[in-house]
Amino acid sequence: MMIFVSGGVRSGKSSFAEKVVEGLADDSEQVHYIATSKAVDAEMIERISRHKQDRIALNRDWILWEQPYDIKKLISNFSSSNLILIDCLTILVANELFREGYNWTSEEYGKKLIQQLLSTFYMLNEKCKHIVIVSNELFSSGVASDKGSYMYMYVLGNLHQAIVQACDEAYFVQFGIPQLMKSKNEMRELR
């Protein structure tokens, strides 16, 4: 099953996504956390630390993968009894799009990046028991006019649409309250 969780910055989406993974995992199943953030400043260091403490409080051993880009390289480490949480797509897209040496102004590169990331998520979904993808909602204030921001929003927006179309469940979290936006199955109880 693939689940998409979105919401604004500090909306509670990561905490909700962690609880979703916890609720889906049996005792014998391993949970993996793919962290896409880089510790580039004091605020990000604090956020990373807070997320680690939140996972510790859940009383489950999470395997942490710090992978700011090329998450496809991790696929061979997972099996059908694994649950994967990717947090977050927003940062992953920025890391991938603005990597040194890449032509981020090229629409062709943007389309290629969309396909690469979708392919990776689909492969993870096929290989693992469940995959949960967290992303930020950035589109309520309109589309930026500068090339870098426009390309970023183009890639992220297209990824959001494709992932939600393919996923089994999609949630929007606001004020710490998750709203089910899409479900292929009947509502299931979250632990």
# chains A, B, ... in the order shown; residues from 1 in each chain; ligands from 1

$ residues_around --residues "Phe4 of chain A" --least-positions-apart "6" --cutoff "7 Å" --atoms "only C-alpha atoms" --output "PDB file with N, CA and C atoms, in the first residue's frame"
ATOM      1  N   VAL A 132       5.020   5.170   2.926  1.00  0.00           N
ATOM      2  CA  VAL A 132       4.334   6.413   3.278  1.00  0.00           C
ATOM      3  C   VAL A 132       5.239   7.561   2.852  1.00  0.00           C
ATOM      4  N   ILE A 133       4.691   8.472   2.064  1.00  0.00           N
ATOM      5  CA  ILE A 133       5.441   9.616   1.540  1.00  0.00           C
ATOM      6  C   ILE A 133       4.855  10.886   2.134  1.00  0.00           C
ATOM      7  N   VAL A 134       5.713  11.700   2.750  1.00  0.00           N
ATOM      8  CA  VAL A 134       5.308  12.963   3.359  1.00  0.00           C
ATOM      9  C   VAL A 134       5.773  14.098   2.458  1.00  0.00           C
ATOM     10  N   VAL A 164      -0.737  10.902  -5.715  1.00  0.00           N
ATOM     11  CA  VAL A 164      -2.095  10.778  -5.175  1.00  0.00           C
ATOM     12  C   VAL A 164      -2.950   9.894  -6.081  1.00  0.00           C
ATOM     13  N   CYS A 167      -1.724   6.303  -5.254  1.00  0.00           N
ATOM     14  CA  CYS A 167      -1.708   5.820  -3.871  1.00  0.00           C
ATOM     15  C   CYS A 167      -3.052   5.233  -3.444  1.00  0.00           C
ATOM     16  N   GLU A 169      -4.149   5.667  -0.165  1.00  0.00           N
ATOM     17  CA  GLU A 169      -4.743   6.663   0.736  1.00  0.00           C
ATOM     18  C   GLU A 169      -3.952   7.954   0.636  1.00  0.00           C
ATOM     19  N   ALA A 170      -4.675   9.076   0.783  1.00  0.00           N
ATOM     20  CA  ALA A 170      -4.030  10.387   0.825  1.00  0.00           C
ATOM     21  C   ALA A 170      -4.665  11.188   1.957  1.00  0.00           C
ATOM     22  N   TYR A 171      -3.806  11.807   2.752  1.00  0.00           N
ATOM     23  CA  TYR A 171      -4.255  12.606   3.888  1.00  0.00           C
ATOM     24  C   TYR A 171      -3.734  14.024   3.766  1.00  0.00           C
TER      25      TYR A 171
END

$ closest_atom_pairs --of "segment 65-95 of chain A" --to "segment 140-154 of chain A" --cutoff "10 Å" --atoms "only C-alpha atoms" --output "Markdown table"
| residue | atom | partner | partner_atom | distance |
| --- | --- | --- | --- | --- |
| A:Thr90 | CA | A:Tyr152 | CA | 9.1 |
| A:Val93 | CA | A:Tyr152 | CA | 7.3 |
| A:Ala94 | CA | A:Tyr152 | CA | 6.8 |

$ residues_around --residues "Leu124 of chain A" --least-positions-apart "6" --cutoff "10 Å" --atoms "only C-alpha atoms" --output "short mmCIF file (atom, residue, chain, number, x, y, z; two decimals) with N, CA, C and O atoms, in the first residue's frame"
data_model
loop_
_atom_site.label_atom_id
_atom_site.label_comp_id
_atom_site.auth_asym_id
_atom_site.auth_seq_id
_atom_site.Cartn_x
_atom_site.Cartn_y
_atom_site.Cartn_z
N MET A 2 0.51 2.24 -0.78
CA MET A 2 1.21 3.52 -0.78
C MET A 2 0.27 4.58 -0.20
O MET A 2 -0.90 4.65 -0.57
N ILE A 71 17.51 8.25 -3.71
CA ILE A 71 16.99 7.23 -2.79
C ILE A 71 16.82 5.88 -3.48
O ILE A 71 16.71 4.86 -2.81
N LYS A 72 16.86 5.88 -4.80
CA LYS A 72 16.78 4.61 -5.54
C LYS A 72 17.93 3.67 -5.14
O LYS A 72 17.77 2.45 -5.16
N LEU A 74 18.88 2.91 -2.35
CA LEU A 74 18.56 2.18 -1.12
C LEU A 74 17.69 0.95 -1.33
O LEU A 74 17.57 0.11 -0.45
N ILE A 75 17.07 0.84 -2.49
CA ILE A 75 16.03 -0.18 -2.71
C ILE A 75 16.51 -1.59 -2.37
O ILE A 75 15.76 -2.37 -1.79
N SER A 76 17.74 -1.92 -2.69
CA SER A 76 18.24 -3.29 -2.43
C SER A 76 18.30 -3.62 -0.94
O SER A 76 18.42 -4.80 -0.57
N PHE A 78 15.82 -3.25 1.17
CA PHE A 78 14.48 -3.46 1.70
C PHE A 78 13.90 -4.79 1.23
O PHE A 78 14.32 -5.36 0.23
N SER A 79 12.89 -5.27 1.99
CA SER A 79 12.22 -6.53 1.65
C SER A 79 10.71 -6.36 1.80
O SER A 79 10.22 -5.32 2.23
N SER A 80 10.00 -7.42 1.51
CA SER A 80 8.54 -7.39 1.52
C SER A 80 7.95 -7.24 2.93
O SER A 80 6.76 -6.97 3.07
N ASN A 82 9.05 -4.96 5.05
CA ASN A 82 9.47 -3.63 5.48
C ASN A 82 8.40 -2.57 5.19
O ASN A 82 7.68 -2.66 4.20
N LEU A 83 8.34 -1.59 6.08
CA LEU A 83 7.52 -0.41 5.89
C LEU A 83 8.47 0.77 5.78
O LEU A 83 9.41 0.89 6.57
N ILE A 84 8.22 1.64 4.81
CA ILE A 84 9.12 2.76 4.52
C ILE A 84 8.38 4.07 4.72
O ILE A 84 7.27 4.25 4.23
N LEU A 118 9.08 9.05 -9.53
CA LEU A 118 7.91 8.17 -9.56
C LEU A 118 8.32 6.71 -9.71
O LEU A 118 7.79 5.83 -9.02
N HIS A 130 4.56 -1.56 2.80
CA HIS A 130 3.88 -0.26 2.72
C HIS A 130 4.93 0.83 2.55
O HIS A 130 6.04 0.71 3.08
N ILE A 131 4.54 1.90 1.88
CA ILE A 131 5.37 3.08 1.76
C ILE A 131 4.51 4.30 2.07
O ILE A 131 3.38 4.41 1.57
#

$ select_by_dssp --residues "segment 5-97 of chain A" --states "alpha helix (DSSP H)" --output "ChimeraX atom specification"
/A:13-24,42-57,89-97

$ atom_distance --atom1 "atom CA of Glu29 of chain A" --atom2 "atom CA of Ile63 of chain A"
11.5 Å

$ atom_distance --atom1 "atom CA of Phe172 of chain A" --atom2 "atom CA of Ser11 of chain A"
9.3 Å

$ select_by_dssp --residues "chain A" --states "strand (DSSP E or B)" --output "ChimeraX atom specification"
/A:2-7,30-35,62-66,82-87,130-136,169-174,177-183

$ atom_distance --atom1 "atom CA of Phe98 of chain A" --atom2 "atom CA of Ala42 of chain A"
21.2 Å

$ closest_residue --among "A:Glu43, A:Val31, A:Trp104, A:Ile3" --to "Met181 of chain A" --atoms "only C-alpha atoms"
A:Ile3

$ residues_around --residues "Glu18 of chain A" --least-positions-apart "3" --cutoff "8 Å" --atoms "only C-alpha atoms" --output "number ranges by chain"
A: 14-15, 21-22, 55, 85

$ residues_around --residues "Tyr122 of chain A" --least-positions-apart "5" --cutoff "9 Å" --atoms "only C-alpha atoms" --output "PyMOL selection string"
chain A and resi 2+117+127+166

$ residues_around --residues "Glu96 of chain A" --least-positions-apart "2" --cutoff "12 Å" --atoms "only C-alpha atoms" --output "PyMOL selection string"
chain A and resi 36-37+67-71+89-94+98-104+109-110+112-114+116-117+151-152+155-156

$ closest_residue --among "A:Arg10, A:Lys182, A:Lys73, A:Lys52" --to "Tyr33 of chain A" --atoms "only C-alpha atoms"
A:Lys52
